[in-house]
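Peer 1: Contents are CSV, C-alpha atoms; file name run.csv:
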```csv
chain,number,residue,atom,x,y,z
A,2,MET,CA,62.5,88.1,122.1
A,3,ASP,CA,64.0,89.7,118.9
A,4,ALA,CA,62.1,90.7,115.7
A,5,ARG,CA,62.9,87.4,114.0
A,6,GLU,CA,61.4,85.5,116.8
A,7,VAL,CA,58.3,87.7,116.7
A,8,LEU,CA,57.9,87.0,113.0
A,9,ILE,CA,58.3,83.2,113.6
A,10,ASP,CA,55.7,83.3,116.3
A,11,ALA,CA,53.3,85.3,114.2
A,12,TYR,CA,53.6,83.1,111.1
A,13,GLY,CA,53.5,80.0,113.5
A,14,ARG,CA,49.9,81.0,114.4
A,15,LEU,CA,48.6,80.9,110.8
A,16,PRO,CA,48.4,77.1,110.2
A,17,GLU,CA,45.8,76.7,113.0
A,18,LEU,CA,43.7,79.5,111.5
A,19,VAL,CA,43.9,78.0,108.1
A,20,HIS,CA,43.1,74.5,109.4
A,21,ARG,CA,40.1,75.6,111.4
A,22,ALA,CA,38.7,77.6,108.5
A,23,VAL,CA,38.6,74.6,106.1
A,24,HIS,CA,38.8,71.3,108.1
A,25,GLY,CA,36.1,68.9,107.1
A,26,LEU,CA,34.5,71.0,104.4
A,27,THR,CA,33.3,69.5,101.2
A,28,PRO,CA,34.5,70.8,97.8
A,29,GLU,CA,31.1,72.4,97.4
A,30,GLN,CA,31.3,74.1,100.8
A,31,LEU,CA,34.8,75.4,99.9
A,32,ARG,CA,33.3,77.1,96.9
A,33,TYR,CA,30.5,78.7,98.9
A,34,ALA,CA,30.4,82.5,98.8
A,35,PRO,CA,28.0,84.4,101.0
A,36,ALA,CA,26.8,86.7,98.2
A,37,ALA,CA,27.2,87.2,94.5
A,38,GLY,CA,30.7,88.5,93.8
A,39,ALA,CA,32.0,87.6,97.3
A,40,ASN,CA,35.1,85.4,97.9
A,41,SER,CA,34.7,81.8,98.7
A,42,ILE,CA,36.4,80.0,101.6
A,43,GLY,CA,38.5,78.0,99.2
A,44,TRP,CA,39.6,81.1,97.2
A,45,LEU,CA,40.5,83.0,100.4
A,46,VAL,CA,42.8,80.2,101.7
A,47,TRP,CA,44.2,79.5,98.2
A,48,HIS,CA,44.9,83.2,97.8
A,49,LEU,CA,46.5,83.8,101.2
A,50,THR,CA,48.8,80.8,100.5
A,51,ARG,CA,49.6,82.0,97.0
A,52,VAL,CA,50.6,85.4,98.5
A,53,GLN,CA,52.9,83.9,101.0
A,54,ASP,CA,54.4,81.5,98.5
A,55,SER,CA,55.0,84.1,95.8
A,56,HIS,CA,56.6,86.6,98.2
A,57,ILE,CA,58.8,84.1,100.0
A,58,ALA,CA,59.9,82.5,96.7
A,59,GLU,CA,60.9,86.0,95.4
A,60,LEU,CA,62.8,86.7,98.6
A,61,LEU,CA,64.6,83.4,98.2
A,62,ASP,CA,65.1,84.0,94.5
A,63,GLU,CA,63.6,80.5,93.9
A,64,GLU,CA,60.6,79.1,92.2
A,65,GLN,CA,57.2,79.0,94.0
A,66,VAL,CA,56.1,75.8,95.7
A,67,TYR,CA,52.9,76.1,93.7
A,68,VAL,CA,54.7,76.2,90.4
A,69,THR,CA,57.3,73.4,91.1
A,70,GLY,CA,54.8,71.0,92.6
A,71,ASP,CA,51.5,69.5,91.3
A,72,TRP,CA,49.4,72.1,93.1
A,73,ALA,CA,47.9,74.2,90.3
A,74,PRO,CA,45.8,71.3,88.8
A,75,ARG,CA,44.6,70.5,92.3
A,76,PHE,CA,43.0,73.9,92.3
A,77,GLY,CA,41.6,73.9,88.8
A,78,PHE,CA,44.5,75.5,87.0
A,79,LYS,CA,46.9,74.4,84.3
A,80,PRO,CA,50.3,73.1,85.6
A,81,GLY,CA,52.9,75.8,85.9
A,82,SER,CA,50.3,78.6,86.6
A,83,SER,CA,51.6,81.3,88.8
A,84,ASP,CA,48.3,83.2,89.3
A,85,THR,CA,48.0,84.5,92.9
A,86,GLY,CA,44.5,85.9,92.8
A,87,TYR,CA,45.3,89.6,92.8
A,88,GLY,CA,42.6,91.5,91.0
A,89,HIS,CA,40.4,88.4,90.5
A,90,SER,CA,36.9,89.1,89.2
A,91,PRO,CA,34.0,87.1,90.6
A,92,ALA,CA,34.2,84.7,87.7
A,93,GLN,CA,37.9,84.1,88.3
A,94,VAL,CA,37.3,83.6,92.0
A,95,ALA,CA,34.7,80.9,91.0
A,96,GLN,CA,37.4,79.1,88.9
A,97,VAL,CA,39.4,78.3,92.0
A,98,THR,CA,38.2,74.8,92.8
A,99,PRO,CA,40.2,73.0,95.4
A,100,GLU,CA,39.9,69.2,95.3
A,101,SER,CA,39.5,69.0,99.1
A,102,TRP,CA,40.2,70.8,102.3
A,103,GLU,CA,43.3,68.6,102.6
A,104,THR,CA,44.5,70.1,99.3
A,105,LEU,CA,44.3,73.6,100.9
A,106,THR,CA,46.0,72.6,104.1
A,107,GLY,CA,48.6,70.5,102.3
A,108,TYR,CA,49.6,73.3,100.1
A,109,TYR,CA,49.6,75.8,103.0
A,110,GLN,CA,51.8,73.5,105.1
A,111,ALA,CA,54.3,73.1,102.3
A,112,VAL,CA,54.5,76.9,102.0
A,113,HIS,CA,54.5,77.4,105.8
A,114,GLU,CA,57.5,75.0,106.3
A,115,ARG,CA,59.5,76.9,103.6
A,116,THR,CA,58.6,80.2,105.2
A,117,LEU,CA,59.7,79.1,108.7
A,118,GLY,CA,63.0,77.8,107.2
A,119,TYR,CA,63.5,81.2,105.6
A,120,LEU,CA,62.6,83.1,108.8
A,121,GLY,CA,64.8,81.0,110.9
A,122,GLY,CA,67.9,82.0,109.0
A,123,LEU,CA,67.4,85.7,109.2
A,124,THR,CA,69.2,88.2,111.3
A,125,GLY,CA,68.1,91.6,112.6
A,126,GLU,CA,70.3,93.3,110.0
A,127,ASP,CA,68.5,91.3,107.2
A,128,LEU,CA,65.2,92.8,108.3
A,129,ASP,CA,66.5,96.3,107.5
A,130,ARG,CA,67.5,95.4,103.9
A,131,VAL,CA,65.5,97.2,101.3
A,132,VAL,CA,63.7,94.7,99.0
A,133,ASP,CA,61.5,97.0,97.0
A,134,GLU,CA,62.5,100.5,96.0
A,135,ASN,CA,59.2,101.2,94.1
A,136,TRP,CA,57.7,102.7,97.2
A,137,ASP,CA,58.4,105.9,99.2
A,138,PRO,CA,59.8,105.0,101.6
A,139,PRO,CA,61.4,101.9,100.1
A,140,VAL,CA,60.1,98.6,101.6
A,141,THR,CA,62.4,96.7,103.9
A,142,LEU,CA,62.4,92.9,104.3
A,143,GLY,CA,60.9,93.3,107.8
A,144,VAL,CA,58.1,95.5,106.5
A,145,ARG,CA,57.4,93.0,103.6
A,146,LEU,CA,57.2,90.1,105.9
A,147,VAL,CA,54.8,91.9,108.2
A,148,SER,CA,52.7,92.9,105.2
A,149,VAL,CA,52.5,89.3,104.0
A,150,TYR,CA,51.6,88.1,107.5
A,151,ASP,CA,48.9,90.8,107.8
A,152,ASP,CA,47.3,89.9,104.5
A,153,ASP,CA,47.3,86.2,105.4
A,154,ALA,CA,45.8,86.8,108.8
A,155,GLN,CA,43.0,88.9,107.4
A,156,HIS,CA,42.2,86.4,104.7
A,157,ALA,CA,42.2,83.5,107.3
A,158,GLY,CA,39.8,85.5,109.4
A,159,GLN,CA,37.6,86.1,106.4
A,160,ALA,CA,37.5,82.4,105.6
A,161,ALA,CA,36.6,81.6,109.1
A,162,TYR,CA,33.8,84.1,109.0
A,163,VAL,CA,32.4,82.7,105.8
A,164,ARG,CA,32.6,79.2,107.3
A,165,GLY,CA,30.5,80.5,110.2
A,166,LEU,CA,27.9,81.6,107.7
A,167,LEU,CA,27.6,78.0,106.4
```
Could I get this file's structure written as structure tokens?

Peer 2:
Amino acid sequence: MDAREVLIDAYGRLPELVHRAVHGLTPEQLRYAPAAGANSIGWLVWHLTRVQDSHIAELLDEEQVYVTGDWAPRFGFKPGSSDTGYGHSPAQVAQVTPESWETLTGYYQAVHERTLGYLGGLTGEDLDRVVDENWDPPVTLGVRLVSVYDDDAQHAGQAAYVRGLL
């Protein structure tokens, strides 16, 4: 198994985690946060999907799925919004209002399919390409993809934990 196949396998595990975290929940349950200032289930899944969408779009030098589709209004935002949730205050977290659990999984699935298409076309040499020189050491494509996966997996686990508190 090469590094590309490992990434495809890892990213291939995320849809089930996302689905289990939100399946069957009402809009009110998706907005549930276990304490004042904590992240809601809906925000966590929206954010993890936004992170993956924004980074993959940047790597492809294309628009985000969220921006080009009708997704933003389905989460309580104006069309064309590119907000990813980084640095959100508790009030901003509360503004993320997914219409339904299907909205979350539908958006995630659209992003996931794009991600797998991108990963499938990579080579080992691609993974060594520097994509961000603002860090020391500079960030390679492989490191960026692992970072996005790690962020997504952590947020999916957090959403599942919050669901368990319900």

Peer 1: Using Å and a single decimal, report how far atom CA of Ser41 of chain A sits from atom CA of Ala157 of chain A.

Peer 2: 11.5 Å

Peer 1: Mind giving me the axis-aligned box for segment 83-94 of chain A with 8 Å on every side, centre plus edges in Å to one decimal, as lines of an AutoDock Vina configuration file?

Peer 2:
```
center_x = 42.8
center_y = 86.4
center_z = 90.3
size_x = 33.6
size_y = 26.2
size_z = 21.2
```

Peer 1: Rank nothing, just name the residue among A:Glu114, A:Leu45, A:Lys79, A:Leu60 nearest to Val131 of chain A, using only C-alpha atoms.

Peer 2: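 Using only C-alpha atoms, Val131 of chain A sits closest to A:Leu60.
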
Peer 1: With distances taken over only C-alpha atoms, which of A:Val23, A:Glu6, A:Gln159, A:Arg130 is nearest to Val144 of chain A?

Peer 2: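 For Val144 of chain A, the nearest of the candidates is A:Arg130.
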
Peer 1: Counting only C-alpha atoms, which residue out of A:Tyr150, A:Ala37, A:Glu59, A:Gly165 sits closest to Pro16 of chain A?

Peer 2: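 Of the candidates, the smallest distance to Pro16 of chain A is held by A:Tyr150.
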
Peer 1: Could you jot down the atom CA of Pro138 of chain A to atom CA of Gly125 of chain A separation for me, Å, one decimal place?

Peer 2: 19.2 Å

Peer 1: Taking all atoms listed in the file into account, which of A:Gly158, A:Pro91, A:Pro80, A:Gly122 comes nearest Ala36 of chain A?

Peer 2: A:Pro91

Peer 1: So which one's closest to Arg115 of chain A, A:Glu63, A:Asp10, A:Asp3, A:Glu29? Using only C-alpha atoms, please.

Peer 2: A:Glu63

Peer 1: List the neighbours of Ala160 of chain A out to 12 Å using all atoms listed in the file; skip same-chain residues closer than 6 positions along the sequence, and give me the result as number ranges by chain.

Peer 2: A: 18-24, 26, 30-35, 39-49, 153-154, 166-167

Peer 1: How would the residues just chosen look if you wrote them out with C-alpha atoms as a PDB file, in the coordinates of the input?

Peer 2:
```pdb
ATOM      1  CA  LEU A  18      43.700  79.500 111.500  1.00  0.00           C
ATOM      2  CA  VAL A  19      43.900  78.000 108.100  1.00  0.00           C
ATOM      3  CA  HIS A  20      43.100  74.500 109.400  1.00  0.00           C
ATOM      4  CA  ARG A  21      40.100  75.600 111.400  1.00  0.00           C
ATOM      5  CA  ALA A  22      38.700  77.600 108.500  1.00  0.00           C
ATOM      6  CA  VAL A  23      38.600  74.600 106.100  1.00  0.00           C
ATOM      7  CA  HIS A  24      38.800  71.300 108.100  1.00  0.00           C
ATOM      8  CA  LEU A  26      34.500  71.000 104.400  1.00  0.00           C
ATOM      9  CA  GLN A  30      31.300  74.100 100.800  1.00  0.00           C
ATOM     10  CA  LEU A  31      34.800  75.400  99.900  1.00  0.00           C
ATOM     11  CA  ARG A  32      33.300  77.100  96.900  1.00  0.00           C
ATOM     12  CA  TYR A  33      30.500  78.700  98.900  1.00  0.00           C
ATOM     13  CA  ALA A  34      30.400  82.500  98.800  1.00  0.00           C
ATOM     14  CA  PRO A  35      28.000  84.400 101.000  1.00  0.00           C
ATOM     15  CA  ALA A  39      32.000  87.600  97.300  1.00  0.00           C
ATOM     16  CA  ASN A  40      35.100  85.400  97.900  1.00  0.00           C
ATOM     17  CA  SER A  41      34.700  81.800  98.700  1.00  0.00           C
ATOM     18  CA  ILE A  42      36.400  80.000 101.600  1.00  0.00           C
ATOM     19  CA  GLY A  43      38.500  78.000  99.200  1.00  0.00           C
ATOM     20  CA  TRP A  44      39.600  81.100  97.200  1.00  0.00           C
ATOM     21  CA  LEU A  45      40.500  83.000 100.400  1.00  0.00           C
ATOM     22  CA  VAL A  46      42.800  80.200 101.700  1.00  0.00           C
ATOM     23  CA  TRP A  47      44.200  79.500  98.200  1.00  0.00           C
ATOM     24  CA  HIS A  48      44.900  83.200  97.800  1.00  0.00           C
ATOM     25  CA  LEU A  49      46.500  83.800 101.200  1.00  0.00           C
ATOM     26  CA  ASP A 153      47.300  86.200 105.400  1.00  0.00           C
ATOM     27  CA  ALA A 154      45.800  86.800 108.800  1.00  0.00           C
ATOM     28  CA  LEU A 166      27.900  81.600 107.700  1.00  0.00           C
ATOM     29  CA  LEU A 167      27.600  78.000 106.400  1.00  0.00           C
TER      30      LEU A 167
END
```

Peer 1: May I have the protein, DNA and RNA residues with any atom at most 12 Å from the point (59.4, 85.9, 117.9), counting only C-alpha atoms, written as a ChimeraX atom specification?

Peer 2: /A:2-14,117,120-121,123,125

Peer 1: Can you tell me which residues surround Ala73 of chain A at a distance of at most 12 Å, considering all atoms listed in the file, apart from same-chain residues fewer than 2 positions away, and format the answer as an mmCIF file with C-alpha atoms, in the frame of the given file?

Peer 2:
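So out21.cif came out as:
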```cif
data_model
loop_
_atom_site.group_PDB
_atom_site.id
_atom_site.type_symbol
_atom_site.label_atom_id
_atom_site.label_comp_id
_atom_site.auth_asym_id
_atom_site.auth_seq_id
_atom_site.Cartn_x
_atom_site.Cartn_y
_atom_site.Cartn_z
ATOM 1 C CA TRP A 47 44.200 79.500 98.200
ATOM 2 C CA ARG A 51 49.600 82.000 97.000
ATOM 3 C CA GLN A 65 57.200 79.000 94.000
ATOM 4 C CA VAL A 66 56.100 75.800 95.700
ATOM 5 C CA TYR A 67 52.900 76.100 93.700
ATOM 6 C CA VAL A 68 54.700 76.200 90.400
ATOM 7 C CA THR A 69 57.300 73.400 91.100
ATOM 8 C CA GLY A 70 54.800 71.000 92.600
ATOM 9 C CA ASP A 71 51.500 69.500 91.300
ATOM 10 C CA ARG A 75 44.600 70.500 92.300
ATOM 11 C CA PHE A 76 43.000 73.900 92.300
ATOM 12 C CA GLY A 77 41.600 73.900 88.800
ATOM 13 C CA PHE A 78 44.500 75.500 87.000
ATOM 14 C CA LYS A 79 46.900 74.400 84.300
ATOM 15 C CA PRO A 80 50.300 73.100 85.600
ATOM 16 C CA GLY A 81 52.900 75.800 85.900
ATOM 17 C CA SER A 82 50.300 78.600 86.600
ATOM 18 C CA SER A 83 51.600 81.300 88.800
ATOM 19 C CA ASP A 84 48.300 83.200 89.300
ATOM 20 C CA THR A 85 48.000 84.500 92.900
ATOM 21 C CA GLN A 96 37.400 79.100 88.900
ATOM 22 C CA VAL A 97 39.400 78.300 92.000
ATOM 23 C CA THR A 98 38.200 74.800 92.800
ATOM 24 C CA PRO A 99 40.200 73.000 95.400
ATOM 25 C CA GLU A 100 39.900 69.200 95.300
ATOM 26 C CA THR A 104 44.500 70.100 99.300
ATOM 27 C CA LEU A 105 44.300 73.600 100.900
ATOM 28 C CA TYR A 108 49.600 73.300 100.100
#
```

Peer 1: A:Thr27, A:Gln110, A:Thr50, A:Thr116: which is nearest Leu146 of chain A, counting all atoms listed in the file?

Peer 2: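 Using all atoms listed in the file, the shortest distance to Leu146 of chain A belongs to A:Thr116.
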
Peer 1: Would you compute the distance between atom CA of Tyr119 of chain A and atom CA of Gly143 of chain A? Give it in Å to one decimal.

Peer 2: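 So the two atoms, atom CA of Tyr119 of chain A and atom CA of Gly143 of chain A, lie 12.6 Å apart.
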
Peer 1: Restore N, CA, C and O atoms in segment 140-162 of chain A and list the result as a JSON list (two decimals), in the coordinates of the input.

Peer 2:
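Result saved to out00.json:
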```json
[["chain", "number", "residue", "atom", "x", "y", "z"],
["A", 140, "VAL", "N", 60.61, 99.68, 100.71],
["A", 140, "VAL", "CA", 60.10, 98.60, 101.60],
["A", 140, "VAL", "C", 61.31, 97.74, 102.04],
["A", 140, "VAL", "O", 62.08, 97.24, 101.22],
["A", 141, "THR", "N", 61.41, 97.57, 103.34],
["A", 141, "THR", "CA", 62.40, 96.70, 103.90],
["A", 141, "THR", "C", 61.90, 95.26, 103.97],
["A", 141, "THR", "O", 60.68, 95.03, 103.88],
["A", 142, "LEU", "N", 62.81, 94.33, 104.17],
["A", 142, "LEU", "CA", 62.40, 92.90, 104.30],
["A", 142, "LEU", "C", 61.46, 92.77, 105.51],
["A", 142, "LEU", "O", 60.45, 92.07, 105.41],
["A", 143, "GLY", "N", 61.76, 93.43, 106.61],
["A", 143, "GLY", "CA", 60.90, 93.30, 107.80],
["A", 143, "GLY", "C", 59.48, 93.81, 107.49],
["A", 143, "GLY", "O", 58.49, 93.16, 107.85],
["A", 144, "VAL", "N", 59.37, 94.93, 106.81],
["A", 144, "VAL", "CA", 58.10, 95.50, 106.50],
["A", 144, "VAL", "C", 57.34, 94.53, 105.49],
["A", 144, "VAL", "O", 56.13, 94.30, 105.64],
["A", 145, "ARG", "N", 58.04, 93.98, 104.52],
["A", 145, "ARG", "CA", 57.40, 93.00, 103.60],
["A", 145, "ARG", "C", 56.87, 91.82, 104.29],
["A", 145, "ARG", "O", 55.75, 91.37, 104.05],
["A", 146, "LEU", "N", 57.65, 91.27, 105.22],
["A", 146, "LEU", "CA", 57.20, 90.10, 105.90],
["A", 146, "LEU", "C", 56.00, 90.36, 106.83],
["A", 146, "LEU", "O", 55.09, 89.54, 106.93],
["A", 147, "VAL", "N", 55.95, 91.54, 107.44],
["A", 147, "VAL", "CA", 54.80, 91.90, 108.20],
["A", 147, "VAL", "C", 53.57, 92.10, 107.32],
["A", 147, "VAL", "O", 52.46, 91.68, 107.64],
["A", 148, "SER", "N", 53.77, 92.69, 106.16],
["A", 148, "SER", "CA", 52.70, 92.90, 105.20],
["A", 148, "SER", "C", 52.10, 91.56, 104.74],
["A", 148, "SER", "O", 50.86, 91.41, 104.67],
["A", 149, "VAL", "N", 52.94, 90.59, 104.43],
["A", 149, "VAL", "CA", 52.50, 89.30, 104.00],
["A", 149, "VAL", "C", 51.69, 88.62, 105.14],
["A", 149, "VAL", "O", 50.60, 88.07, 104.94],
["A", 150, "TYR", "N", 52.25, 88.67, 106.35],
["A", 150, "TYR", "CA", 51.60, 88.10, 107.50],
["A", 150, "TYR", "C", 50.18, 88.74, 107.69],
["A", 150, "TYR", "O", 49.18, 88.06, 107.90],
["A", 151, "ASP", "N", 50.14, 90.06, 107.62],
["A", 151, "ASP", "CA", 48.90, 90.80, 107.80],
["A", 151, "ASP", "C", 47.85, 90.37, 106.78],
["A", 151, "ASP", "O", 46.69, 90.12, 107.13],
["A", 152, "ASP", "N", 48.25, 90.29, 105.53],
["A", 152, "ASP", "CA", 47.30, 89.90, 104.50],
["A", 152, "ASP", "C", 46.82, 88.46, 104.74],
["A", 152, "ASP", "O", 45.62, 88.20, 104.63],
["A", 153, "ASP", "N", 47.72, 87.56, 105.12],
["A", 153, "ASP", "CA", 47.30, 86.20, 105.40],
["A", 153, "ASP", "C", 46.37, 86.09, 106.58],
["A", 153, "ASP", "O", 45.37, 85.37, 106.53],
["A", 154, "ALA", "N", 46.67, 86.81, 107.64],
["A", 154, "ALA", "CA", 45.80, 86.80, 108.80],
["A", 154, "ALA", "C", 44.42, 87.29, 108.53],
["A", 154, "ALA", "O", 43.41, 86.73, 108.98],
["A", 155, "GLN", "N", 44.35, 88.38, 107.75],
["A", 155, "GLN", "CA", 43.00, 88.90, 107.40],
["A", 155, "GLN", "C", 42.23, 87.93, 106.56],
["A", 155, "GLN", "O", 41.04, 87.72, 106.83],
["A", 156, "HIS", "N", 42.88, 87.32, 105.58],
["A", 156, "HIS", "CA", 42.20, 86.40, 104.70],
["A", 156, "HIS", "C", 41.76, 85.10, 105.51],
["A", 156, "HIS", "O", 40.68, 84.54, 105.26],
["A", 157, "ALA", "N", 42.59, 84.67, 106.43],
["A", 157, "ALA", "CA", 42.20, 83.50, 107.30],
["A", 157, "ALA", "C", 41.00, 83.85, 108.10],
["A", 157, "ALA", "O", 40.09, 83.02, 108.25],
["A", 158, "GLY", "N", 40.96, 85.04, 108.64],
["A", 158, "GLY", "CA", 39.80, 85.50, 109.40],
["A", 158, "GLY", "C", 38.55, 85.58, 108.55],
["A", 158, "GLY", "O", 37.45, 85.21, 108.98],
["A", 159, "GLN", "N", 38.70, 86.08, 107.34],
["A", 159, "GLN", "CA", 37.60, 86.10, 106.40],
["A", 159, "GLN", "C", 37.04, 84.75, 106.09],
["A", 159, "GLN", "O", 35.82, 84.52, 106.06],
["A", 160, "ALA", "N", 37.96, 83.81, 105.86],
["A", 160, "ALA", "CA", 37.50, 82.40, 105.60],
["A", 160, "ALA", "C", 36.80, 81.82, 106.75],
["A", 160, "ALA", "O", 35.78, 81.14, 106.58],
["A", 161, "ALA", "N", 37.28, 82.09, 107.96],
["A", 161, "ALA", "CA", 36.60, 81.60, 109.10],
["A", 161, "ALA", "C", 35.21, 82.20, 109.28],
["A", 161, "ALA", "O", 34.25, 81.51, 109.66],
["A", 162, "TYR", "N", 35.09, 83.47, 108.97],
["A", 162, "TYR", "CA", 33.80, 84.10, 109.00],
["A", 162, "TYR", "C", 32.82, 83.52, 108.01],
["A", 162, "TYR", "O", 31.67, 83.20, 108.36]]
```
